[in-house]
Each structure stands twice: as structure tokens, then as C-alpha cells.
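In what follows, a structure is listed as C-alpha cells, so that the remarks can point back to it.
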Amino acid sequence: METVPQKKKFQMSSSYTVLFIIIIFVALLTWIIPAGQYKTDGAGNMIAHTYQKTKSNPQGLWDIFMAPITGMTGNETTSGAISISLFILVIGGFLGVVNKTNSLNLAINTVVKKYKMDPFLSKEKPSMPKVLQKESMR
């Protein structure tokens with residue numbers, strides 16, 4: 001008896017794979033697109049018709065592998081994103097602990113029980129607006 005091979009379902013690549021492909025694509029563009037810059041005013045706004053070509057800086061294989069590290073730690077011309085990344089990690093850890101301990105759901109249930117499931121969080125039930133009362137009487 002012959003076994004029929006199963007078709008593999010499409011599986012999305014991991015986010016790291018997608019990011020690495022984007023880095024490679026952008027590095028290839030540095031070899032194709034000519035480099036240039038505009039002059040800027042004191043506020044950093046570009047001034048029209050001041051574009052000048054500058055020396056090209058094509059990215060190589062080492063630059064591709066170092067891009068994530070340079071993006072995090074920065075270099076002499078740019079600041080790194082490590083503070084933002086650490087903030088996101090801390091918030092993610094906090095939310096993970098809150099979800100694991102179910103404390104957010106318990107707090108919401110406590111508030112709902114205290115106010116007896118009133119949508120306006122008051123002891124009195126809200127009355128129907130007069131316009132709607134007239135509509136419902138018809």
C-alpha cells in the first residue's frame with residue numbers, strides 16, 4: 001500500500017525572519033539608490049531645492065549582521081533603542097504576571113459587584129432620556 005504524502009500547510013515565518021529579510025533588502029538598496037541629503041533649518045526641517053549627492057555608504061555582510069546590535073546600542077551618530085526595548089520588556093513582564101495571577105479580572109469583578117453591575121458606576125439607575133421615553137410610548 002502506497003502512502004500519499006501530506007501537503008504542508010503554509011506557515012508564517014517568525015518575526016525575526018521577517019525582520020532579517022527586511023534588513024537584507026534595505027542593505028541591498030544601499031547599493032542601488034544613490035546617497036544624498038537636503039540642507040535643514042534650525043528646527044530640522046528640510047529646505048526645498050537644496051538636495052545634494054553625498055558619498056555612498058553601501059552596507060556589507062558585516063553591517064547586515066551588526067544592524068540589530070547597532071540599532072539597540074547605537075553608535076557615534078545615532079542613539080540606541082535599548083531604553084525603549086527594556087521598557088517594552090518590563091511592561092510585557094508586568095502584564096504577563098497580571099494575567100497569570102488573574103488579578104486584573106479579580107479587580108474588575110470586585111468593582112462590578114460593588115456597584116451592582118451599573119454601567120454608570122453609581123448607586124442609582126439612570127433614567128431613560130425624555131426623547132426616548134416619548135418614542136417608546138408611541
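All residue names refer to the C-alpha cells as shown: chains lettered A, B, ... in order, residues numbered from 1 in each chain, ligands numbered from 1 in order.
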
Contacts of stretch 2-17 of chain A at 12 Å (only C-alpha atoms; same-chain gap of 6+ positions) as a ChimeraX atom specification: /A:23-24,68

Which of stretch 1-68 of chain A DSSP labels helix (DSSP H, G or I), written as a ChimeraX atom specification: /A:15-32,61-68

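Residue-level DSSP output for stretch 5-79 of chain A, from the backbone, shows strand (DSSP E) at Gly36, Gln37, Gln52 and Lys53 of chain A.
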
Atomic separation - atom CA of A:Thr70 relative to atom CA of A:Tyr51, Å: 27.5 Å

Nearest residue to A:Ala67 from the set A:Phe25, A:Phe20, A:Tyr38, A:Phe94 (distances using only C-alpha atoms): A:Phe20

Nearest to A:Asn57, chosen from A:Met72, A:Leu29, A:Ala43, A:Ala81, with only C-alpha atoms counted in the distances: A:Leu29

Test item: residues at most 10 Å from A:Ile32, only C-alpha atoms, excluding those fewer than 6 positions along its chain, as an MDAnalysis selection string: chainID A and resid 26 56 58

List the neighbours of A:His49 out to 12 Å using only C-alpha atoms; skip same-chain residues closer than 3 positions along the sequence, and give me the result as a PDB file with N, CA and C atoms, in the first residue's frame.
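So selection-v5.pdb came out as:
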```
ATOM      1  N   GLN A  37      21.420  64.253   0.504  1.00  0.00           N
ATOM      2  CA  GLN A  37      20.743  64.861   1.634  1.00  0.00           C
ATOM      3  C   GLN A  37      20.297  66.272   1.297  1.00  0.00           C
ATOM      4  N   TYR A  38      19.314  66.760   2.053  1.00  0.00           N
ATOM      5  CA  TYR A  38      18.833  68.131   1.943  1.00  0.00           C
ATOM      6  C   TYR A  38      19.473  68.955   3.059  1.00  0.00           C
ATOM      7  N   LYS A  39      19.611  70.258   2.830  1.00  0.00           N
ATOM      8  CA  LYS A  39      20.016  71.152   3.905  1.00  0.00           C
ATOM      9  C   LYS A  39      18.798  71.360   4.789  1.00  0.00           C
ATOM     10  N   THR A  40      19.045  71.579   6.085  1.00  0.00           N
ATOM     11  CA  THR A  40      17.947  71.768   7.028  1.00  0.00           C
ATOM     12  C   THR A  40      18.075  73.102   7.743  1.00  0.00           C
ATOM     13  N   MET A  46      13.557  70.247   6.274  1.00  0.00           N
ATOM     14  CA  MET A  46      14.304  70.277   5.022  1.00  0.00           C
ATOM     15  C   MET A  46      13.953  71.518   4.213  1.00  0.00           C
ATOM     16  N   GLN A  52      21.641  67.580  -2.351  1.00  0.00           N
ATOM     17  CA  GLN A  52      22.992  67.370  -2.870  1.00  0.00           C
ATOM     18  C   GLN A  52      23.354  65.906  -2.701  1.00  0.00           C
TER      19      GLN A  52
END
```

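Interatomic distance, atom CA of A:Gly71 to atom CA of A:Ile21: 15.7 Å.
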
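Going from atom CA of A:Val98 to atom CA of A:Val111 covers 16.9 Å.
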